[in-house]
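Asks: To start, I am sharing the structure in question, which I have written as structure tokens.
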Number of protein chains: 4
Amino acid sequence: MKLVVIDAEAELGKPPRGWRRRLFEIVFESETPEGRLFDKCIILAIIVSVVVVIVDSVPSSRLRLPTAFNIAEWCFTALFTVEYLARIVSVQRPWRYVRSFFGIVDLLSVLPTYLAVLLPETHALIDVRILRLLRVFRIFKLTDYMVEYQMLADALAASRRKILVFLSAVLMVVLVLGTLLYVVEGPRHGFKDIPTSVYWAVTTITTVGFGDVTPKTEVGRFIASVMMLIGWGTLAVPTGIVTAEMTARRMPSGLGERTCANCGVGGHAGDARYCRLCAAPLVTPGEPKRVDAPAMPR
Amino acid sequence: MKLVVIDAEAELGKPPRGWRRRLFEIVFESETPEGRLFDKCIILAIIVSVVVVIVDSVPSSRLRLPTAFNIAEWCFTALFTVEYLARIVSVQRPWRYVRSFFGIVDLLSVLPTYLAVLLPETHALIDVRILRLLRVFRIFKLTDYMVEYQMLADALAASRRKILVFLSAVLMVVLVLGTLLYVVEGPRHGFKDIPTSVYWAVTTITTVGFGDVTPKTEVGRFIASVMMLIGWGTLAVPTGIVTAEMTARRMPSGLGERTCANCGVGGHAGDARYCRLCAAPLVTPGEPKRVDAPAMPR
Amino acid sequence: MKLVVIDAEAELGKPPRGWRRRLFEIVFESETPEGRLFDKCIILAIIVSVVVVIVDSVPSSRLRLPTAFNIAEWCFTALFTVEYLARIVSVQRPWRYVRSFFGIVDLLSVLPTYLAVLLPETHALIDVRILRLLRVFRIFKLTDYMVEYQMLADALAASRRKILVFLSAVLMVVLVLGTLLYVVEGPRHGFKDIPTSVYWAVTTITTVGFGDVTPKTEVGRFIASVMMLIGWGTLAVPTGIVTAEMTARRMPSGLGERTCANCGVGGHAGDARYCRLCAAPLVTPGEPKRVDAPAMPR
Amino acid sequence: MKLVVIDAEAELGKPPRGWRRRLFEIVFESETPEGRLFDKCIILAIIVSVVVVIVDSVPSSRLRLPTAFNIAEWCFTALFTVEYLARIVSVQRPWRYVRSFFGIVDLLSVLPTYLAVLLPETHALIDVRILRLLRVFRIFKLTDYMVEYQMLADALAASRRKILVFLSAVLMVVLVLGTLLYVVEGPRHGFKDIPTSVYWAVTTITTVGFGDVTPKTEVGRFIASVMMLIGWGTLAVPTGIVTAEMTARRMPSGLGERTCANCGVGGHAGDARYCRLCAAPLVTPGEPKRVDAPAMPR
């Protein structure tokens, strides 16, 4: 799922002209000064609104300034509602925006406040507002950290299948070992049912180790010790997966699937234009074969 | 141990014809539509039966639906018994299946229910049913994640000896340090005997840190701090082992699928044109065999 | 920020002659025997003064030797004050020194003692003296570990942007998940407000797991288990970043200290004979410049 | 320090002939059947004696079989004393053996039992017997895991300086942050003095997280969260160091410091005898230049 980059122009349709085109350039693009200013204001508003939600949850601060929090809340809701509507009216295909990841997040960040008024019993849902935070991911669009972000995302995406297989294998180990500890320790020592035991097994194998549930018998502790050592050793596996992926990406050899038509040598750097061993020009498949005449030693 | 792939045809013997051959194709293979359907049903039954065992362990749910759990339990036992018998009768060498890893697991997943009826005092063993879970490993056979699974398993298998040596060294360190803390802290501070101290040392060096046993004296805490820093630094070792293994597997240079036609040696660099051991020219498959005359020692 | 190496001569200005030049050579340089002796004495004094601050904080030892600690404190303050003044008077641009990292640290390590006398109510600030410890970083200047230190610092600096992006992504995940647990568990189970929940989420995702706040409900524990597994898997990412950086630095291929004499490009593979961008022959320093005529595109 | 391999013949001196030579071959070498049998018996005795010490520490088992433990203890002491004396008399340079690592360990594994009889007040030292465990390192000599052990030890030894620099930097961070928490939280919240705070900082930054000391104030928890994230990110550094070392060791291009005298290409595999690009024989410095005539394509 592309969290960050939405090529808004291609996906949502840039209106051909008029105020809607202008609005599109402001709310979706960052090329114009107005677009950049809009982006900065919105991100500032998101951060402040998230801070308000967080501070609002602290009982002591809520008692001190109940009105201020209410006012701030309604201001942010109004602002984000206007922004949501502006996004809808400025694109050619509003329905596609509404169903996109950011479309849903944008809606979820205003809906709870309205619902809390219309249906007072849904007030508990008000904390869903924290999803506003997800909108902060838009920040990456602004910064020049896109390259690093993309590289990280690519390495993770490329390792996705391996990590999935690894986690599913860990899940089975955790289920079997959790049940084993449930049989060995039993409800008397805090392992009150299998879900609790599995929860304990997860805290142990991931080396988190809360300590709210711990083995008390000699046998249970022995099994737990073996589990910890295994979990510790296994920790190497996801690390190895991602690291190997990242290392391979940095290696100049590993890019070169091209081979020299003259001498047959492979492993050329991604930007190579001439064979490093015989100086024959390299041809990339599906590319016009004309190359500049090389600088010759005479 | 090959957990996943059993080449059932070669190992257990495919009957030449008749209903046994047909049964074999259904229960052991996934090539026919019936075989695939059977595999999917069994895996669904395994997952549901495991969920039932887990939910059954929660005291509140057991009280609510005691009959439902009993009925579900007997249905699964009947189903898995039929499957177990079908596997036995459909192979040429049933005894080999019975003693195989999956043969034992298949038996262990039905036996406890029968035993609990025949010998009521063995009821405590009923939780052995969770071993049904191990049968889920059959899932991998179905999916197209086999390649990733195999690659992970290979990298781990190749690093097995090094990880073993590492864990045995850690074990000794843990025994010595655990005893040291037992001498320093003593039973008064929770280190009641050497096994407990060693259990504590394992939780510490693996960075799990439950906190049910912790040093209280200044000296004990100093030793513990040194242990943690060492354990943290040492964590790098298993990671390094697996990562180096995985990185080496991804490198195009060093993989060298070409072998020398003259001396049979493999592992040539990607750009090698001559064998590094006998200087015979290397031929890349599907490439014109003409090579330049090599520079000869005269 | 360069913590360690200050090229004092270039940055702060070495006086041309006289007693100030001599003082400069003693307090800022380590080339002369006096300079080395001064460095060693100061580092010894720093270490002893830090130990005194640490031991002073232990209530039992403070009661036993109140006068001794007071005297030691004043001796160190006097010594470091003299050193500070010597550093100021011996450089050409004292103001630049005062505002430098070490200038501020040097001041902060003597100020609290004076302030505690002049303004008794600032006595609580006396522990700021521990900042003296930062001065120990000067040690690296003395040792021959500079190369390793520089290499570590370089690898970290080169990975800085990627680690920043990674940590900011983790921060968002932690905020969302912490709030989720706050909604699920609520103040009754210790998640008394969102900051506390986020603190808990950080302890969980970093696998620290203090256990002072833990989920109690089934749903909370399920979410926590998923978080731990994700956190565990994600741990691979910063490791992968730094490791890939360090591995790339060690690889001979890819380092390419040769540059093309024709177009100036660097980073050639170890076995390259022609520039990969302009096909000009590469010359290894100290090697006969004759090369075979390259295969030309005609 | 070479823990494992003692080239006993070169270091301690093999007696030229007679019963001492025979004794040397039995107790120090594993080439003869008697030598191998002796090694196996001693390692079995060591393991059993360690198990006895461990079980002896469990209060319930000590009460049950006090005489059995006493007898076993004296048998092992007698056996190890005889072995120690045999080692002394069978070497040419007994004093060198006595002062070697294993000489000291061998002595420490029998001394406590004698001391406990002669000086009853040293009975507390009886647990020093656990040092017998260190003798188990001899096992590696027996097994064919020596290669893996040596490779691990080499990688660690090669990364030693970098890990030392890293740990010293961590130590400073831990001292400063521990003191910071001491100032912020204070004795009221369990941070009773600086050593305790530093101990807490170590448990936090290494992600052990016992939870016996935890921050209670908002500010303290904020600082702790930052620490955990930093510690988590920094964990990558020792891993990166060892991994880069291990990866470099596996790379064929990283071994080859040899260059071809004919075409100047470098990066040859460690076992290469001919240049992979021009088939000219490679010459290792300081090695006779004669090579077998290469297999030529005709």
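So you can find residues: chains in the structure tokens are A, B, ... in the order shown, residues in each start at 1, and ligands are numbered from 1 in order.
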Can you check which residues of segment 34-246 of chain C DSSP gives as alpha helix (DSSP H) on the backbone and send them as a PyMOL selection string?
Replies: chain C and resi 34-56+59-64+66-90+94-99+101-108+111-118+139-142+146-185+194-205+218-234+236-246
Asks: Residues of chain B within 9 Å of chain C, counting only C-alpha atoms, what are they? List them as a PDB file with N, CA and C atoms, in the first residue's frame.
Replies:
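In the end it all went to iface-v3.pdb:
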```
ATOM      1  N   THR B 207      18.261 -10.350  27.469  1.00  0.00           N
ATOM      2  CA  THR B 207      17.557  -9.065  27.553  1.00  0.00           C
ATOM      3  C   THR B 207      16.045  -9.224  27.718  1.00  0.00           C
ATOM      4  N   VAL B 208      15.583 -10.391  28.211  1.00  0.00           N
ATOM      5  CA  VAL B 208      14.150 -10.541  28.473  1.00  0.00           C
ATOM      6  C   VAL B 208      13.796  -9.755  29.740  1.00  0.00           C
ATOM      7  N   GLY B 209      14.484 -10.035  30.836  1.00  0.00           N
ATOM      8  CA  GLY B 209      14.335  -9.239  32.058  1.00  0.00           C
ATOM      9  C   GLY B 209      12.945  -9.231  32.642  1.00  0.00           C
ATOM     10  N   PHE B 210      12.454 -10.407  33.122  1.00  0.00           N
ATOM     11  CA  PHE B 210      11.115 -10.448  33.712  1.00  0.00           C
ATOM     12  C   PHE B 210      11.020  -9.542  34.936  1.00  0.00           C
ATOM     13  N   GLY B 211      12.036  -9.589  35.778  1.00  0.00           N
ATOM     14  CA  GLY B 211      11.987  -8.774  36.978  1.00  0.00           C
ATOM     15  C   GLY B 211      11.401  -9.509  38.169  1.00  0.00           C
TER      16      GLY B 211
END
```
Asks: May I ask for the distance between atom CA of Val98 of chain C and atom CA of Tyr84 of chain C, given in Å to one decimal place?
Replies: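 Atom CA of Tyr84 of chain C lies 9.3 Å from atom CA of Val98 of chain C.
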Asks: Could you please determine the separation between atom CA of Val242 of chain D and atom CA of Ile163 of chain B in Å, to one decimal place?
Replies: 14.4 Å
Asks: Which one of B:Thr204, B:Ser60, B:Ser197, B:Ser159 sits closest to Thr179 of chain B if you count only C-alpha atoms?
Replies: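 Of B:Thr204, B:Ser60, B:Ser197, B:Ser159, the one nearest Thr179 of chain B is B:Ser197, counting only C-alpha atoms.
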Asks: Determine, counting only C-alpha atoms, which protein, DNA and RNA residues have an atom within 10 Å of an atom of Val51 of chain B; residues of the same chain fewer than 5 positions away are not included. Present the result as a short mmCIF file (atom, residue, chain, number, x, y, z; two decimals) with N, CA and C atoms, in the first residue's frame.
Replies:
```cif
data_model
loop_
_atom_site.label_atom_id
_atom_site.label_comp_id
_atom_site.auth_asym_id
_atom_site.auth_seq_id
_atom_site.Cartn_x
_atom_site.Cartn_y
_atom_site.Cartn_z
N ALA B 45 -10.10 -27.69 9.44
CA ALA B 45 -10.48 -28.45 10.63
C ALA B 45 -9.42 -28.33 11.71
N ILE B 46 -8.14 -28.37 11.31
CA ILE B 46 -7.05 -28.25 12.29
C ILE B 46 -7.13 -26.91 12.98
N ASP B 56 -11.55 -23.46 24.96
CA ASP B 56 -11.96 -24.40 26.00
C ASP B 56 -11.20 -24.17 27.30
N ILE B 130 -3.19 -30.05 21.71
CA ILE B 130 -2.68 -28.84 21.06
C ILE B 130 -1.63 -29.19 20.01
N LEU B 133 -1.70 -28.64 16.35
CA LEU B 133 -1.21 -27.43 15.72
C LEU B 133 -0.04 -27.71 14.79
#
```
Asks: Excluding segment 61-69 of chain A and any residue of its chain fewer than 6 positions from it, enumerate the residues within 12 Å of it, using only C-alpha atoms, and give them as a list in words.
Replies: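 Everything that qualifies: Val48, Ser49, Val50, Val51, Val52, Val53, Ile54, Val55, Cys75 and Phe76 of chain A; Asp193 of chain C.
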Asks: Write the residues of the selection above to a file with C-alpha atoms, as a compact mmCIF listing (two decimals), in the first residue's frame.
Replies:
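Printed below is again_3.txt as written:
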```txt
# COMPACT_ATOMS: atom_id res chain seq x y z
CA VAL A 48 -1.41 20.76 17.40
CA SER A 49 -4.72 18.88 17.28
CA VAL A 50 -2.97 15.61 18.20
CA VAL A 51 -1.22 17.33 21.10
CA VAL A 52 -4.61 18.64 22.25
CA VAL A 53 -6.10 15.13 22.18
CA ILE A 54 -3.14 13.78 24.17
CA VAL A 55 -3.18 16.55 26.78
CA CYS A 75 -11.95 24.75 15.61
CA PHE A 76 -9.92 21.79 14.41
CA ASP C 193 -3.84 8.80 30.21
```
Asks: How many Å separate atom CA of Ala116 of chain A from atom CA of Pro187 of chain C?
Replies: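 These two atoms are separated by 20.7 Å.
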